[in-house]
file run-v6.txt (compact mmCIF, C-alpha atoms and all ligand atoms)
# COMPACT_ATOMS: atom_id res chain seq x y z
CA SER Q 1 -44.79 37.49 8.42
CA SER Q 2 -43.94 41.05 7.48
CA ALA Q 3 -43.89 43.39 4.52
CA ALA Q 4 -41.64 46.40 4.49
CA GLU Q 5 -43.52 49.53 3.53
CA GLY Q 6 -42.96 50.72 -0.01
CA GLU Q 7 -41.14 47.53 -0.96
CA ALA Q 8 -42.20 44.26 -2.48
CA ALA Q 9 -44.09 42.23 0.11
CA PHE Q 10 -42.17 39.41 1.68
CA THR Q 11 -42.59 37.12 4.60
CA THR Q 12 -40.04 35.63 6.94
CA VAL Q 13 -40.14 32.62 9.23
CA THR Q 14 -40.02 34.93 12.27
CA ASP Q 15 -41.36 38.49 12.20
CA GLY Q 16 -38.59 41.04 11.84
CA VAL Q 17 -35.91 38.39 11.52
CA LEU Q 18 -33.95 36.94 8.61
CA THR Q 19 -33.23 33.34 9.58
CA MET Q 20 -30.19 31.99 7.76
CA GLY Q 21 -29.30 28.32 7.85
CA THR Q 22 -25.78 27.11 7.28
CA ASN Q 23 -23.27 24.42 8.14
CA ALA Q 24 -20.41 26.23 9.82
CA THR Q 25 -17.60 23.81 8.97
CA PHE Q 26 -16.61 25.44 5.70
CA PRO Q 27 -13.96 28.17 6.04
CA PRO Q 28 -13.82 30.92 4.82
CA TYR Q 29 -17.53 30.83 3.91
CA GLU Q 30 -18.70 29.77 7.39
CA PHE Q 31 -16.93 28.68 10.52
CA MET Q 32 -17.22 29.10 14.28
CA ASP Q 33 -15.23 32.08 15.53
CA GLU Q 34 -13.48 32.32 18.91
CA ASN Q 35 -16.78 33.39 20.52
CA ASN Q 36 -18.45 30.27 19.15
CA GLU Q 37 -20.53 32.33 16.73
CA VAL Q 38 -20.93 31.67 13.02
CA ALA Q 39 -18.61 33.93 11.02
CA GLY Q 40 -17.42 34.07 7.40
CA ILE Q 41 -18.36 35.31 3.93
CA ASP Q 42 -21.89 33.86 3.95
CA ALA Q 43 -22.68 35.30 7.39
CA GLU Q 44 -21.49 38.71 6.17
CA ILE Q 45 -23.62 38.50 3.01
CA ALA Q 46 -26.66 37.57 5.10
CA GLY Q 47 -25.89 40.45 7.46
CA ALA Q 48 -25.88 42.90 4.54
CA ILE Q 49 -29.16 41.48 3.17
CA ALA Q 50 -30.80 41.64 6.60
CA GLU Q 51 -29.69 45.23 7.04
CA LYS Q 52 -31.05 46.16 3.62
CA LEU Q 53 -34.39 44.54 4.45
CA GLY Q 54 -34.54 46.07 7.92
CA LEU Q 55 -34.42 42.67 9.60
CA LYS Q 56 -32.39 41.24 12.44
CA LEU Q 57 -30.14 38.35 11.39
CA GLU Q 58 -30.30 35.01 13.13
CA ILE Q 59 -28.07 32.13 12.05
CA THR Q 60 -28.92 28.48 12.59
CA ASP Q 61 -26.12 25.93 12.29
CA MET Q 62 -27.24 22.52 11.04
CA ALA Q 63 -26.11 19.49 9.04
CA PHE Q 64 -25.34 20.44 5.44
CA ASP Q 65 -27.68 17.77 4.10
CA SER Q 66 -30.61 19.22 6.12
CA LEU Q 67 -30.44 22.69 4.57
CA ILE Q 68 -32.59 22.11 1.49
CA SER Q 69 -35.41 20.55 3.47
CA ALA Q 70 -35.13 23.31 6.08
CA VAL Q 71 -35.69 25.90 3.34
CA GLN Q 72 -38.45 23.84 1.77
CA GLY Q 73 -40.18 23.19 5.09
CA GLY Q 74 -40.03 26.83 6.18
CA ALA Q 75 -37.65 26.35 9.11
CA ILE Q 76 -35.23 28.94 7.68
CA ASP Q 77 -35.59 31.85 5.25
CA VAL Q 78 -32.37 31.29 3.38
CA ALA Q 79 -29.59 28.75 3.17
CA LEU Q 80 -26.19 30.37 2.64
CA ALA Q 81 -23.61 27.63 2.83
CA GLY Q 82 -21.24 27.77 -0.11
CA MET Q 83 -24.04 25.83 -1.72
CA THR Q 84 -23.69 24.76 -5.31
CA VAL Q 85 -26.51 25.38 -7.75
CA ASP Q 86 -27.59 21.93 -8.84
CA PRO Q 87 -30.63 20.87 -10.90
CA GLU Q 88 -31.92 18.40 -8.31
CA ARG Q 89 -31.75 21.00 -5.52
CA ALA Q 90 -33.40 23.53 -7.86
CA GLU Q 91 -36.47 21.30 -7.94
CA ALA Q 92 -36.88 21.83 -4.19
CA VAL Q 93 -35.74 25.45 -3.72
CA ASN Q 94 -35.13 28.65 -5.68
CA PHE Q 95 -31.55 29.77 -6.15
CA SER Q 96 -30.42 33.39 -6.20
CA ASP Q 97 -27.99 34.66 -8.81
CA SER Q 98 -24.64 33.08 -8.19
CA TYR Q 99 -22.27 35.05 -5.94
CA ALA Q 100 -19.11 32.92 -6.16
CA THR Q 101 -17.42 30.12 -8.07
CA GLY Q 102 -16.53 26.91 -6.29
CA VAL Q 103 -14.14 24.24 -7.50
CA GLN Q 104 -14.18 20.64 -6.34
CA VAL Q 105 -10.56 19.66 -5.70
CA VAL Q 106 -8.75 16.58 -4.45
CA ILE Q 107 -6.66 16.60 -1.25
CA VAL Q 108 -3.96 13.92 -1.03
CA PRO Q 109 -1.36 13.02 1.59
CA GLU Q 110 2.42 13.07 1.07
CA GLY Q 111 3.60 10.22 -1.16
CA SER Q 112 0.12 9.55 -2.55
CA ALA Q 113 -0.30 7.31 -5.59
CA ILE Q 114 -2.95 9.79 -6.76
CA ALA Q 115 -1.37 12.36 -9.08
CA SER Q 116 -4.42 13.40 -11.10
CA ILE Q 117 -8.18 12.86 -11.40
CA GLU Q 118 -7.51 9.81 -13.63
CA ASP Q 119 -6.04 8.02 -10.60
CA LEU Q 120 -9.19 8.27 -8.47
CA SER Q 121 -10.78 5.12 -9.80
CA GLY Q 122 -10.65 2.33 -7.24
CA LYS Q 123 -9.44 4.63 -4.47
CA MET Q 124 -11.32 5.33 -1.24
CA ILE Q 125 -12.60 8.91 -1.38
CA GLY Q 126 -13.65 10.93 1.68
CA VAL Q 127 -16.40 13.55 1.28
CA GLN Q 128 -18.81 15.66 3.32
CA SER Q 129 -22.17 13.94 3.25
CA GLY Q 130 -24.70 15.40 0.81
CA THR Q 131 -22.27 17.77 -0.89
CA THR Q 132 -21.77 17.89 -4.64
CA GLY Q 133 -18.37 16.23 -4.06
CA ASP Q 134 -20.28 13.32 -2.50
CA ILE Q 135 -22.83 13.26 -5.33
CA TYR Q 136 -20.28 13.40 -8.19
CA CYS Q 137 -17.90 10.85 -6.65
CA THR Q 138 -20.74 8.43 -5.98
CA VAL Q 139 -21.85 8.70 -9.62
CA ASP Q 140 -18.32 8.52 -11.05
CA TYR Q 141 -16.67 5.92 -8.80
CA GLY Q 142 -19.49 4.06 -7.05
CA GLN Q 143 -20.90 4.16 -3.53
CA ASP Q 144 -18.43 1.53 -2.28
CA PHE Q 145 -15.54 3.90 -2.94
CA VAL Q 146 -17.03 6.97 -1.24
CA LYS Q 147 -16.89 7.41 2.52
CA GLN Q 148 -19.22 10.11 3.86
CA PHE Q 149 -18.39 12.29 6.87
CA ASP Q 150 -20.45 14.87 8.77
CA ASN Q 151 -18.03 17.60 7.75
CA GLY Q 152 -14.88 18.26 5.77
CA ALA Q 153 -12.64 18.39 8.85
CA LEU Q 154 -13.63 14.81 9.77
CA ALA Q 155 -12.94 13.67 6.21
CA VAL Q 156 -9.49 15.29 6.40
CA GLN Q 157 -8.91 13.62 9.79
CA ALA Q 158 -9.71 10.26 8.18
CA LEU Q 159 -7.23 11.07 5.41
CA LEU Q 160 -4.51 11.79 7.99
CA ASN Q 161 -5.38 8.49 9.70
CA GLY Q 162 -5.14 6.57 6.43
CA GLN Q 163 -8.84 5.59 6.42
CA VAL Q 164 -9.36 7.20 3.00
CA ASP Q 165 -6.94 7.79 0.11
CA CYS Q 166 -8.05 11.33 -0.70
CA VAL Q 167 -10.72 13.92 0.09
CA VAL Q 168 -12.87 15.64 -2.55
CA ILE Q 169 -14.05 19.03 -1.30
CA ASP Q 170 -14.46 22.67 -2.38
CA ASN Q 171 -11.22 24.58 -3.01
CA GLU Q 172 -11.50 27.28 -0.36
CA PRO Q 173 -12.03 24.97 2.64
CA ALA Q 174 -9.47 22.62 1.05
CA LYS Q 175 -6.88 25.41 1.19
CA ALA Q 176 -7.71 26.04 4.85
CA PHE Q 177 -7.39 22.33 5.74
CA VAL Q 178 -4.13 21.93 3.82
CA ALA Q 179 -2.67 25.09 5.38
CA ALA Q 180 -3.23 23.47 8.79
CA ASN Q 181 -1.63 20.13 7.82
CA GLU Q 182 1.83 20.20 6.25
CA SER Q 183 1.62 16.63 4.96
CA LEU Q 184 -1.40 17.35 2.73
CA SER Q 185 -1.58 18.93 -0.70
CA ILE Q 186 -4.17 19.77 -3.35
CA LEU Q 187 -3.96 18.27 -6.86
CA ASP Q 188 -3.49 20.76 -9.68
CA THR Q 189 -6.30 19.26 -11.74
CA GLU Q 190 -9.82 20.44 -10.89
CA TYR Q 191 -12.57 17.86 -10.50
CA ALA Q 192 -15.55 20.19 -11.12
CA VAL Q 193 -16.26 23.92 -11.37
CA GLU Q 194 -19.56 25.19 -9.97
CA ASP Q 195 -21.61 28.21 -8.93
CA TYR Q 196 -22.55 29.07 -5.35
CA ALA Q 197 -25.92 30.68 -4.64
CA ALA Q 198 -28.35 31.35 -1.82
CA ALA Q 199 -31.34 28.99 -1.57
CA ILE Q 200 -34.79 30.31 -0.71
CA SER Q 201 -38.26 28.88 -0.65
CA LYS Q 202 -40.16 28.40 -3.92
CA GLU Q 203 -42.94 30.45 -2.29
N1 LIG W 301 -20.44 23.39 -2.61
C1 LIG W 301 -20.72 22.09 -2.07
C2 LIG W 301 -22.19 21.78 -2.23
O1 LIG W 301 -23.00 22.62 -2.45
C3 LIG W 301 -20.32 21.96 -0.60
C4 LIG W 301 -20.90 22.98 0.31
C5 LIG W 301 -20.66 22.65 1.77
N2 LIG W 301 -21.02 23.76 2.59
C6 LIG W 301 -20.89 23.80 3.93
N3 LIG W 301 -21.23 24.91 4.52
N4 LIG W 301 -20.51 22.78 4.62
O2 LIG W 301 -22.58 20.64 -2.11
call {"tool": "encode", "arguments": {"input": "run-v6.txt", "output": "structure tokens"}}
result
Amino acid sequence: SSAAEGEAAFTTVTDGVLTMGTNATFPPYEFMDENNEVAGIDAEIAGAIAEKLGLKLEITDMAFDSLISAVQGGAIDVALAGMTVDPERAEAVNFSDSYATGVQVVIVPEGSAIASIEDLSGKMIGVQSGTTGDIYCTVDYGQDFVKQFDNGALAVQALLNGQVDCVVIDNEPAKAFVAANESLSILDTEYAVEDYAAAISKE
């Protein structure tokens, strides 16, 4: 643990280091760059915070649905992962002020029967496991109609293969996935609007 002189006392998991956890499958917030290092908006925010605190930044890439318990269990100092502020998560961690707005959108293939949110009922929906898209779709359409994947790219792959009818995911990674696949598009209607924040330990 460490406390910078003349500043509020704080401790970190490793002395002199800000340990950020993320799930680097979420462009432009976090992705692996050509050197196989985590890059993106969240990594840059963490870099600025570390610099301000006089700490070295270390980034740990992990499953998205492990981040809350990693914060809670003291394995990382902060989760920065395009993470949505949600009341259940807020019982386990503290959220910072929000730094961005996220929108859950629906990706469909060419010729899809899904034209708006009203058409989702009874369709097979691909999501990233443990995300708010997963949580909302499970509540709204039932577990049997939600197929969970380790990351958004795998959900999109399943959509291209016809294993799911659509993918519900945050708008910014959705744009990146659709830009890379001509046959996919994003519905105009938004499924949910949410706030992104950093998650830190309650202590
Ligand atoms: N905003 C959504 C959530 O909080 C998805 C975030 C996924 N982030 C990621 N780095 N894979 O559940």
call {"tool": "axis_aligned_box", "arguments": {"input": "run-v6.txt", "around": "ligand LIG 301 (chain W)", "padding_each_side": "5 Å", "output": "AutoDock Vina command-line options"}}
result
--center_x -21.7 --center_y 22.8 --center_z 1.0 --size_x 12.7 --size_y 14.3 --size_z 17.2
call {"tool": "residues_near_point", "arguments": {"input": "run-v6.txt", "point": "(-27.9, 29.5, 12.5)", "cutoff": "10 Å", "atoms": "all atoms listed in the file", "output": "PyMOL selection string"}}
result
chain Q and resi 19-24+37-38+43+57-62+76+79
call {"tool": "atom_distance", "arguments": {"input": "run-v6.txt", "atom1": "atom CA of Q:Val108", "atom2": "atom CA of Q:Leu80"}}
result
27.9 Å
call {"tool": "residues_near_ligand", "arguments": {"input": "run-v6.txt", "ligand": "ligand LIG 301 (chain W)", "cutoff": "8 Å", "atoms": "only C-alpha atoms and all ligand atoms", "output": "compact mmCIF listing (two decimals) with C-alpha atoms, in the coordinates of the input"}}
result
# COMPACT_ATOMS: atom_id res chain seq x y z
CA THR Q 22 -25.78 27.11 7.28
CA ASN Q 23 -23.27 24.42 8.14
CA ALA Q 24 -20.41 26.23 9.82
CA THR Q 25 -17.60 23.81 8.97
CA PHE Q 26 -16.61 25.44 5.70
CA TYR Q 29 -17.53 30.83 3.91
CA GLU Q 30 -18.70 29.77 7.39
CA ALA Q 63 -26.11 19.49 9.04
CA PHE Q 64 -25.34 20.44 5.44
CA LEU Q 80 -26.19 30.37 2.64
CA ALA Q 81 -23.61 27.63 2.83
CA GLY Q 82 -21.24 27.77 -0.11
CA MET Q 83 -24.04 25.83 -1.72
CA THR Q 84 -23.69 24.76 -5.31
CA VAL Q 85 -26.51 25.38 -7.75
CA ASP Q 86 -27.59 21.93 -8.84
CA GLY Q 102 -16.53 26.91 -6.29
CA GLN Q 104 -14.18 20.64 -6.34
CA GLN Q 128 -18.81 15.66 3.32
CA GLY Q 130 -24.70 15.40 0.81
CA THR Q 131 -22.27 17.77 -0.89
CA THR Q 132 -21.77 17.89 -4.64
CA GLY Q 133 -18.37 16.23 -4.06
CA ASP Q 134 -20.28 13.32 -2.50
CA ASN Q 151 -18.03 17.60 7.75
CA GLY Q 152 -14.88 18.26 5.77
CA ILE Q 169 -14.05 19.03 -1.30
CA ASP Q 170 -14.46 22.67 -2.38
CA GLU Q 194 -19.56 25.19 -9.97
CA TYR Q 196 -22.55 29.07 -5.35
call {"tool": "atom_distance", "arguments": {"input": "run-v6.txt", "atom1": "atom CA of Q:Ala180", "atom2": "atom CA of Q:Asn161"}}
result
15.2 Å
call {"tool": "closest_residue", "arguments": {"input": "run-v6.txt", "among": "Q:Ile68, Q:Ile186, Q:Val106, Q:Val164", "to": "Q:Asn94", "atoms": "only C-alpha atoms"}}
result
Q:Ile68
call {"tool": "closest_residue", "arguments": {"input": "run-v6.txt", "among": "Q:Asn171, Q:Gln148, Q:Thr189, Q:Ser66", "to": "Q:Ala115", "atoms": "all atoms listed in the file"}}
result
Q:Thr189
call {"tool": "residues_around", "arguments": {"input": "run-v6.txt", "residues": "Q:Thr12", "least_positions_apart": "6", "cutoff": "12 Å", "atoms": "all atoms listed in the file", "output": "list in words"}}
result
Ser1, Ser2, Ala3, Ala4, Leu18, Thr19, Met20, Ala50, Leu53, Gly54, Leu55, Lys56, Leu57, Glu58, Val71, Gly74, Ala75, Ile76, Asp77, Val78, Ile200, Ser201 and Glu203 of chain Q
call {"tool": "decode", "arguments": {"input": "run-v6.txt", "residues": "stretch 4-40 of chain Q", "atoms": "N, CA and C atoms", "output": "tab-separated table (two decimals), in the first residue's frame"}}
result
chain	number	residue	atom	x	y	z
Q	4	ALA	N	0.36	8.90	-1.24
Q	4	ALA	CA	1.14	10.01	-1.78
Q	4	ALA	C	1.17	11.14	-0.76
Q	5	GLU	N	2.32	11.74	-0.61
Q	5	GLU	CA	2.48	12.82	0.37
Q	5	GLU	C	1.59	14.02	0.02
Q	6	GLY	N	0.97	14.58	0.99
Q	6	GLY	CA	0.17	15.78	0.77
Q	6	GLY	C	-1.14	15.51	0.07
Q	7	GLU	N	-1.47	14.25	-0.16
Q	7	GLU	CA	-2.74	13.92	-0.81
Q	7	GLU	C	-3.50	12.97	0.09
Q	8	ALA	N	-4.76	12.78	-0.25
Q	8	ALA	CA	-5.57	11.83	0.52
Q	8	ALA	C	-4.88	10.47	0.46
Q	9	ALA	N	-4.86	9.77	1.57
Q	9	ALA	CA	-4.21	8.46	1.61
Q	9	ALA	C	-4.99	7.48	0.75
Q	10	PHE	N	-4.25	6.67	0.02
Q	10	PHE	CA	-4.90	5.60	-0.72
Q	10	PHE	C	-3.97	4.41	-0.77
Q	11	THR	N	-4.53	3.28	-1.01
Q	11	THR	CA	-3.73	2.08	-1.14
Q	11	THR	C	-3.98	1.46	-2.51
Q	12	THR	N	-3.00	0.75	-2.99
Q	12	THR	CA	-3.18	0.03	-4.25
Q	12	THR	C	-2.81	-1.43	-4.03
Q	13	VAL	N	-3.25	-2.26	-4.94
Q	13	VAL	CA	-2.98	-3.71	-4.83
Q	13	VAL	C	-1.48	-3.96	-4.77
Q	14	THR	N	-0.74	-3.28	-5.65
Q	14	THR	CA	0.72	-3.38	-5.67
Q	14	THR	C	1.29	-1.99	-5.47
Q	15	ASP	N	2.27	-1.89	-4.57
Q	15	ASP	CA	2.92	-0.60	-4.27
Q	15	ASP	C	3.37	0.12	-5.53
Q	16	GLY	N	2.98	1.36	-5.67
Q	16	GLY	CA	3.48	2.17	-6.78
Q	16	GLY	C	2.83	1.88	-8.12
Q	17	VAL	N	1.83	1.01	-8.10
Q	17	VAL	CA	1.21	0.58	-9.36
Q	17	VAL	C	-0.30	0.77	-9.29
Q	18	LEU	N	-0.90	1.26	-10.38
Q	18	LEU	CA	-2.35	1.24	-10.53
Q	18	LEU	C	-2.67	0.03	-11.40
Q	19	THR	N	-3.36	-0.93	-10.82
Q	19	THR	CA	-3.70	-2.15	-11.56
Q	19	THR	C	-5.13	-2.02	-12.08
Q	20	MET	N	-5.23	-1.93	-13.40
Q	20	MET	CA	-6.54	-1.81	-14.06
Q	20	MET	C	-6.92	-3.16	-14.64
Q	21	GLY	N	-8.15	-3.56	-14.40
Q	21	GLY	CA	-8.69	-4.76	-15.04
Q	21	GLY	C	-9.63	-4.36	-16.15
Q	22	THR	N	-9.61	-5.13	-17.23
Q	22	THR	CA	-10.53	-4.87	-18.33
Q	22	THR	C	-10.78	-6.16	-19.10
Q	23	ASN	N	-11.62	-6.05	-20.12
Q	23	ASN	CA	-11.84	-7.16	-21.04
Q	23	ASN	C	-11.66	-6.57	-22.44
Q	24	ALA	N	-10.50	-6.82	-23.01
Q	24	ALA	CA	-10.06	-6.07	-24.19
Q	24	ALA	C	-10.63	-6.63	-25.51
Q	25	THR	N	-11.95	-6.69	-25.54
Q	25	THR	CA	-12.65	-7.17	-26.74
Q	25	THR	C	-13.75	-6.16	-27.10
Q	26	PHE	N	-13.51	-4.89	-26.82
Q	26	PHE	CA	-14.59	-3.91	-26.81
Q	26	PHE	C	-14.11	-2.60	-27.43
Q	27	PRO	N	-13.81	-2.61	-28.74
Q	27	PRO	CA	-13.34	-1.38	-29.37
Q	27	PRO	C	-14.44	-0.32	-29.41
Q	28	PRO	N	-14.15	0.97	-29.29
Q	28	PRO	CA	-12.83	1.57	-29.13
Q	28	PRO	C	-12.42	1.76	-27.66
Q	29	TYR	N	-13.18	1.20	-26.73
Q	29	TYR	CA	-12.85	1.37	-25.31
Q	29	TYR	C	-11.65	0.53	-24.89
Q	30	GLU	N	-11.59	-0.72	-25.37
Q	30	GLU	CA	-10.40	-1.55	-25.11
Q	30	GLU	C	-10.32	-2.64	-26.16
Q	31	PHE	N	-9.12	-2.80	-26.65
Q	31	PHE	CA	-8.84	-3.82	-27.66
Q	31	PHE	C	-7.35	-4.10	-27.62
Q	32	MET	N	-6.94	-5.19	-28.26
Q	32	MET	CA	-5.51	-5.52	-28.35
Q	32	MET	C	-4.93	-4.80	-29.57
Q	33	ASP	N	-3.87	-4.05	-29.38
Q	33	ASP	CA	-3.25	-3.37	-30.52
Q	33	ASP	C	-2.29	-4.33	-31.23
Q	34	GLU	N	-1.61	-3.80	-32.26
Q	34	GLU	CA	-0.75	-4.67	-33.08
Q	34	GLU	C	0.43	-5.24	-32.29
Q	35	ASN	N	0.75	-4.64	-31.15
Q	35	ASN	CA	1.82	-5.18	-30.29
Q	35	ASN	C	1.28	-6.10	-29.21
Q	36	ASN	N	-0.01	-6.46	-29.37
Q	36	ASN	CA	-0.68	-7.32	-28.40
Q	36	ASN	C	-0.73	-6.70	-27.01
Q	37	GLU	N	-0.89	-5.37	-26.99
Q	37	GLU	CA	-1.07	-4.68	-25.72
Q	37	GLU	C	-2.45	-4.05	-25.70
Q	38	VAL	N	-3.02	-3.90	-24.49
Q	38	VAL	CA	-4.35	-3.32	-24.38
Q	38	VAL	C	-4.27	-1.84	-24.71
Q	39	ALA	N	-5.10	-1.40	-25.65
Q	39	ALA	CA	-5.19	0.00	-26.04
Q	39	ALA	C	-6.65	0.42	-26.02
Q	40	GLY	N	-6.89	1.74	-26.17
Q	40	GLY	CA	-8.26	2.23	-26.24
Q	40	GLY	C	-8.55	3.31	-25.21
